[in-house]
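S.K.: My questions will all concern the structure given below.
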Number of protein chains: 2
Amino acid sequence: MVEHKLEAVQNKIKTFKTIQSEVQSINKVALSVDCVIFGFDENKLKVLLIRSDLKKYQDKWSLLGDLVSPNEGLDEAAYRILKQRTGLRDLFLEQVQTFGEVDRHPASRVVTVAYCSLINVQHHKLNILDNELHWHDVDSITDLAFDHQKIFETSYCQLQKRVREHPLGFSLLPNKFSLRELQNLYEAILNIKLDRRNFRKKFFAMDFLVDLNEIEKDVPHRPGKLYRFDYAKYERSTKKWTGIAF
Amino acid sequence: MVEHKLEAVQNKIKTFKTIQSEVQSINKVALSVDCVIFGFDENKLKVLLIRSDLKKYQDKWSLLGDLVSPNEGLDEAAYRILKQRTGLRDLFLEQVQTFGEVDRHPASRVVTVAYCSLINVQHHKLNILDNELHWHDVDSITDLAFDHQKIFETSYCQLQKRVREHPLGFSLLPNKFSLRELQNLYEAILNIKLDRRNFRKKFFAMDFLVDLNEIEKDVPHRPGKLYRFDYAKYERSTKKWTGIAF
DNA sequence: AGCTATTGTGTATAAATTACACTTTAATTT
DNA sequence: AAATTAAAGTGTAATTTATACACAATAGCT
């Protein structure tokens with residue numbers, strides 16, 4: 001009887017071995033999402049970073065990321081991370097690229113999907129100030145943990161490209177903004193100087209700015225008019241958006 | 001004694017259970033690469049598809065893909081698939097996007113990284129004609145297996161965009177080509193008609209075409225001059241490539 | 001009241017894009 | 001050998017788009 005039981009149990013072991021080897025042979029890998037979260041504050045383009053939690057990268061900063069759960073889509077995971085960190089709302093989120101070098105993570109094979117997100121710093125100052133979470137000037141970013149430097153650079157390049165093709169920048173601004181703020185934003189993202197008159201001409205020609213009949217407050221000079229971006233109108237405009245050329 | 005052995009064996013089972021649950025709890029997922037392989041033949045843009053190997057998608061076509069091995073990078077996996085299928089050589093390969101909907105694969109969670117590749121059909125007619133592997137006109141693609149329709153459409157859109165920004169199209173042509181062939185290619189990819197004189201002007205102005213002082217053979221009309229693309233010169237040209245606007 | 005800093009505005013020039021038609025050439029047919 | 005065919009090769013004028021640039025108006029500050 002016991003012999004019989006033993007045999008049964010040994011069969012079970014075989015089954016488990018099979019399962020285990022199957023699990024391995026299916027070639028599964030760990031999958032994470034890393035978010036490159038851009039903000040705009042004090043006329044500088046910023047990126048949100050956290051102190052690395054790995055000893056190996058003790059003094060380095062890293063992007064905000066987490067493993068993707070088995071029952072969670074990729075976009076979903078990115079939204080979750082953003083929500084946890086910034087409180088979410090009206091944000092731009094876009095997949096950038098997937099990074100899958102075999103040894104990109106020191107502990108084990110982890111493939112990561114990078115997402116780029118644009119948030120309005122005014123609206124999201126909430127759950128940011130604790131832990132080791134900080135906004136950094138994009139032009140001061142060097143030597144991030146893991147391959148995050150490369151991920152950041154890829155995302156920043158893509159942002160520069162996208163922002164010339166579509167009016168995304170508005171996600172980074174408060175709802176009401178002056179044309180000077182808008183131009184500062186473009187100059188910060190693209191790291192170039194633009195002609196003020198031509199810049200205005202271009203944006204008015206696009207016809208997505210709504211004059212709010214309000215003016216700036218508390219500026220030590222002639223205040224500018226305030227505008228909002230007509231997102232609905234932009235969405236409706238079926239004519240292909242050919243781009244913003246500078 | 002047997003009791004003792006039994007206990008040991010039961011402990012082993014526990015261990016296996018732990019391993020199994022660990023493997024699951026690390027949230028690993030299966031990762032695949034799918035290649036959208038474009039070719040150009042008979043003045044049509046084509047995509048290489050294979051008959052689906054899943055019963056569920058028995059009569060449907062699917063992209064060429066495979067699981068990524070644990071010790072294999074993503075680009076590496078894409079090159080491997082291409083090599084296996086077409087014999088490789090001088091090809092354009094670029095990551096497009098990663099698709100990670102939880103239920104995109106009927107059997108289990110499989111996240112897939114899509115790659116776009118451009119090959120020269122003349123050079124690669126090799127190991128293609130067996131199995132259920134065929135070139136399809138891009139404008140006849142409907143209802144692919146899995147979410148491959150979406151992956152294909154995303155890749156095709158990206159190709160249309162890229163080809164306006166960089167002179168990629170040459171990867172799809174033979175080394176020697178006439179300007180008519182080049183224009184046919186652009187018209188096929190973008191699905192538009194172009195003015196012949198302006199098209200020529202544009203490409204000569206780019207200055208990446210080398211006149212081979214040869215002419216077409218076996219055409220029932222005045223033969224055109226043959227050119228090759230000066231890839232090295234294009235690479236060297238440090239001036240940012242601002243794009244090809246039509 | 002005067003100073004300061006920035007807003008708001010228009011035009012002339014240069015560059016790029018578009019539209020468009022006739023002559024040339026090799027192969028094929030008669 | 002002459003005529004026919006089909007596409008190659010070529011330039012210019014008109015339009016659109018992008019660039020360069022300067023001065024008057026305004027609110028806040030002293």
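In the structure tokens, the first chain shown is A, the next is B, and so on; residue numbers restart at 1 for each chain, and ligands run from 1 in the order shown.
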Would you mind listing, for every residue of chain D within 8 Å of chain B, the two atoms forming the shortest contact and the distance between them in Å to one decimal, using only C-alpha atoms (C1' of nucleotides), sorted by chain and ascending residue number, as JSON lines?
M.R.:
{"residue": "D:DT5", "atom": "C1'", "partner": "B:His221", "partner_atom": "CA", "distance": 7.4}
{"residue": "D:DA6", "atom": "C1'", "partner": "B:His221", "partner_atom": "CA", "distance": 5.2}
{"residue": "D:DA7", "atom": "C1'", "partner": "B:Arg222", "partner_atom": "CA", "distance": 5.9}
{"residue": "D:DA8", "atom": "C1'", "partner": "B:Gly224", "partner_atom": "CA", "distance": 5.9}
S.K.: From stretch 72-185 of chain A, collect each residue whose DSSP state is strand (DSSP E) and return the set as a VMD selection string.
M.R.: chain A and resid 92 to 99 110 to 118 133 to 137 177 to 178
S.K.: Which residues come within 12 Å of D:DC23, counting only C-alpha atoms (C1' of nucleotides), excluding same-chain residues fewer than 5 positions away, as a PDB file with N, CA and C atoms (P, O5', C5', C4', C3', O3' and C1' of nucleotides), in the first residue's frame?
M.R.:
ATOM      1  P    DG C   8       0.010  89.506 -25.894  1.00  0.00           P
ATOM      2  O5'  DG C   8      -0.003  90.430 -27.203  1.00  0.00           O
ATOM      3  C5'  DG C   8      -0.639  91.700 -27.163  1.00  0.00           C
ATOM      4  C4'  DG C   8      -0.372  92.440 -28.463  1.00  0.00           C
ATOM      5  C3'  DG C   8      -0.573  91.600 -29.722  1.00  0.00           C
ATOM      6  O3'  DG C   8      -1.546  92.241 -30.539  1.00  0.00           O
ATOM      7  C1'  DG C   8       1.481  92.787 -29.814  1.00  0.00           C
ATOM      8  P    DT C   9      -2.154  91.494 -31.787  1.00  0.00           P
ATOM      9  O5'  DT C   9      -1.405  92.200 -32.997  1.00  0.00           O
ATOM     10  C5'  DT C   9      -1.477  93.624 -33.136  1.00  0.00           C
ATOM     11  C4'  DT C   9      -0.482  94.085 -34.155  1.00  0.00           C
ATOM     12  C3'  DT C   9      -0.478  93.292 -35.474  1.00  0.00           C
ATOM     13  O3'  DT C   9      -0.535  94.217 -36.545  1.00  0.00           O
ATOM     14  C1'  DT C   9       1.697  93.543 -34.665  1.00  0.00           C
ATOM     15  P    DG C  10      -1.337  93.858 -37.882  1.00  0.00           P
ATOM     16  O5'  DG C  10      -0.239  94.168 -38.993  1.00  0.00           O
ATOM     17  C5'  DG C  10       0.486  95.406 -38.971  1.00  0.00           C
ATOM     18  C4'  DG C  10       1.603  95.299 -39.991  1.00  0.00           C
ATOM     19  C3'  DG C  10       1.172  94.741 -41.350  1.00  0.00           C
ATOM     20  O3'  DG C  10       1.643  95.614 -42.355  1.00  0.00           O
ATOM     21  C1'  DG C  10       3.074  93.600 -40.558  1.00  0.00           C
TER      22       DG C  10
END
S.K.: Please, which residues in chain B fall within 6 Å of chain A when counting only C-alpha atoms, and what is the closest atom pair and distance in Å to one decimal for each, ordered by chain then residue number, as CSV?
M.R.:
residue,atom,partner,partner_atom,distance
B:Asn27,CA,A:Ser69,CA,5.7
B:Lys28,CA,A:Ala30,CA,4.3
B:Val29,CA,A:Lys28,CA,4.9
B:Ala30,CA,A:Lys28,CA,4.2
B:Ser69,CA,A:Asn27,CA,5.6
B:Pro70,CA,A:Asn27,CA,5.8
B:Asn71,CA,A:Val102,CA,5.9
B:Gly73,CA,A:Glu101,CA,4.8
B:Leu74,CA,A:Gly100,CA,5.5
B:Gly100,CA,A:Leu74,CA,5.4
B:Glu101,CA,A:Gly73,CA,4.8
B:Val102,CA,A:Gly73,CA,5.4
S.K.: To one decimal in Å, tell me the separation between atom CA of A:Cys157 and atom CA of A:Leu190.
M.R.: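 Distance reported for this atom pair: 9.3 Å.
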S.K.: Residues of chain C no more than 6 Å from chain B, counting only C-alpha atoms (C1' of nucleotides): send them over as a list in words.
M.R.: DT25, DA26 and DA27 of chain C
S.K.: Would you save the residues of that selection, restricted to C-alpha atoms (C1' of nucleotides), as a CSV table (one decimal), in the first residue's frame?
M.R.:
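The file below, selection.csv, is the result:
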chain,number,residue,atom,x,y,z
C,25,DT,C1',15.1,57.4,-77.7
C,26,DA,C1',15.1,52.4,-78.2
C,27,DA,C1',12.2,48.6,-79.3
